[in-house]
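Data first, discussion second: the structure below is written as structure tokens.
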Amino acid sequence: MQATLAATGFLAALAAYLLGAGTPWLIGGILVGLVIPFTLIVILPTNRRLLSPALAKDTPEAARLLDRWGKLHAVRSVLSFISFLVFLCALSQRFR
């Protein structure tokens with residue numbers, strides 16, 4: 001669901017930009033769109049290792065992978081939050 005929402009947000013922001021809404025919409029759209037490749041390229045390998053049946057759940061390796069996953073997820077959350085702030089600023093400028 002997250003990938004679908006990120007893609008929809010990116011496409012909607014791109015459409016708004018192309019229709020003349022301004023550069024902040026393009027920037028916000030790119031930021032929210034970056035979540036998709038970041039997840040596929042950076043987070044997915046960690047997810048696969050965490051879900052591997054060969055990984056014992058109570059090992060230091062599992063703890064290290066969970067810690068890594070948490071940090072990577074934080075990056076994804078920050079990208080989305082910054083995108084939200086950019087959209088919010090763009091909207092607030094429009095109503096001034």
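Letters A, B, ... go to the chains of the structure tokens in the order shown; residues in each chain start at 1; ligands are counted from 1 in the same order.
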
### Task
Just the residues within 12 Å of A:Arg64, please, counting only C-alpha atoms, with nothing from its chain fewer than 6 positions along; format it as a list in words.
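With the cut-off at 12 Å, the set is Thr46, Arg49, Leu50, Leu55, Lys57, Asp58, Gly70 and Lys71 of chain A.
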
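Rounded to one decimal, atom CA of A:Leu51 and atom CA of A:Phe81 lie 27.6 Å from each other.
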
### Task
Provide the atom CA of A:Leu5 to atom CA of A:Val86 distance in Å, to one decimal place.
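These two atoms are separated by 17.0 Å.
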
Contacts of A:Ala16 at 12 Å or less, counting only C-alpha atoms, minus same-chain residues fewer than 3 places along, as an mmCIF file with N, CA and C atoms, in the first residue's frame?
```
data_model
loop_
_atom_site.group_PDB
_atom_site.id
_atom_site.type_symbol
_atom_site.label_atom_id
_atom_site.label_comp_id
_atom_site.auth_asym_id
_atom_site.auth_seq_id
_atom_site.Cartn_x
_atom_site.Cartn_y
_atom_site.Cartn_z
ATOM 1 N N GLY A 9 1.090 9.907 -4.972
ATOM 2 C CA GLY A 9 1.524 11.237 -4.533
ATOM 3 C C GLY A 9 2.508 11.862 -5.502
ATOM 4 N N PHE A 10 3.447 11.059 -5.974
ATOM 5 C CA PHE A 10 4.428 11.559 -6.941
ATOM 6 C C PHE A 10 3.742 12.000 -8.228
ATOM 7 N N LEU A 11 2.866 11.148 -8.769
ATOM 8 C CA LEU A 11 2.182 11.477 -10.027
ATOM 9 C C LEU A 11 1.262 12.680 -9.883
ATOM 10 N N ALA A 12 0.570 12.784 -8.754
ATOM 11 C CA ALA A 12 -0.308 13.934 -8.529
ATOM 12 C C ALA A 12 0.501 15.221 -8.414
ATOM 13 N N ALA A 13 1.625 15.165 -7.719
ATOM 14 C CA ALA A 13 2.471 16.353 -7.585
ATOM 15 C C ALA A 13 3.086 16.733 -8.930
ATOM 16 N N LEU A 19 0.814 21.506 -14.498
ATOM 17 C CA LEU A 19 -0.331 22.401 -14.691
ATOM 18 C C LEU A 19 -0.082 23.799 -14.130
ATOM 19 N N GLY A 20 1.150 24.047 -13.664
ATOM 20 C CA GLY A 20 1.529 25.390 -13.242
ATOM 21 C C GLY A 20 1.476 25.670 -11.759
ATOM 22 N N ALA A 21 1.429 24.654 -10.928
ATOM 23 C CA ALA A 21 1.324 24.869 -9.486
ATOM 24 C C ALA A 21 2.623 25.367 -8.864
ATOM 25 N N GLY A 22 3.734 25.197 -9.521
ATOM 26 C CA GLY A 22 4.996 25.704 -8.992
ATOM 27 C C GLY A 22 5.993 24.613 -8.642
ATOM 28 N N THR A 23 7.233 25.031 -8.486
ATOM 29 C CA THR A 23 8.340 24.120 -8.210
ATOM 30 C C THR A 23 8.217 23.368 -6.887
ATOM 31 N N PRO A 24 7.667 23.957 -5.824
ATOM 32 C CA PRO A 24 7.546 23.187 -4.583
ATOM 33 C C PRO A 24 6.777 21.876 -4.764
ATOM 34 N N TRP A 25 5.800 21.873 -5.644
ATOM 35 C CA TRP A 25 5.037 20.638 -5.880
ATOM 36 C C TRP A 25 5.909 19.576 -6.526
ATOM 37 N N LEU A 26 6.792 19.993 -7.431
ATOM 38 C CA LEU A 26 7.719 19.041 -8.052
ATOM 39 C C LEU A 26 8.699 18.502 -7.018
ATOM 40 N N ILE A 27 9.236 19.380 -6.177
ATOM 41 C CA ILE A 27 10.189 18.962 -5.149
ATOM 42 C C ILE A 27 9.531 17.992 -4.167
ATOM 43 N N GLY A 28 8.340 18.340 -3.691
ATOM 44 C CA GLY A 28 7.621 17.456 -2.777
ATOM 45 C C GLY A 28 7.308 16.113 -3.410
ATOM 46 N N GLY A 29 6.925 16.136 -4.681
ATOM 47 C CA GLY A 29 6.627 14.893 -5.389
ATOM 48 C C GLY A 29 7.849 14.010 -5.552
ATOM 49 N N PHE A 87 4.805 20.295 0.765
ATOM 50 C CA PHE A 87 3.430 20.457 0.268
ATOM 51 C C PHE A 87 2.650 21.452 1.133
ATOM 52 N N ALA A 90 3.724 24.911 0.278
ATOM 53 C CA ALA A 90 3.177 25.289 -1.031
ATOM 54 C C ALA A 90 1.708 25.670 -0.904
ATOM 55 N N LEU A 91 0.970 24.925 -0.117
ATOM 56 C CA LEU A 91 -0.441 25.244 0.078
ATOM 57 C C LEU A 91 -0.623 26.548 0.835
#
```

### Task
May I have all residues of chain A that DSSP, computed from the backbone, assigns to alpha helix (DSSP H), given as a ChimeraX atom specification?
/A:2-18,23-33,35-38,44-51,60-94

### Query
Within 8 Å of A:Ala6, counting only C-alpha atoms, which residues qualify if same-chain residues fewer than 5 places away don't, as a list in words?
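Using only C-alpha atoms, the neighbours found are Val32, Gly33, Val35 and Ile36 of chain A.
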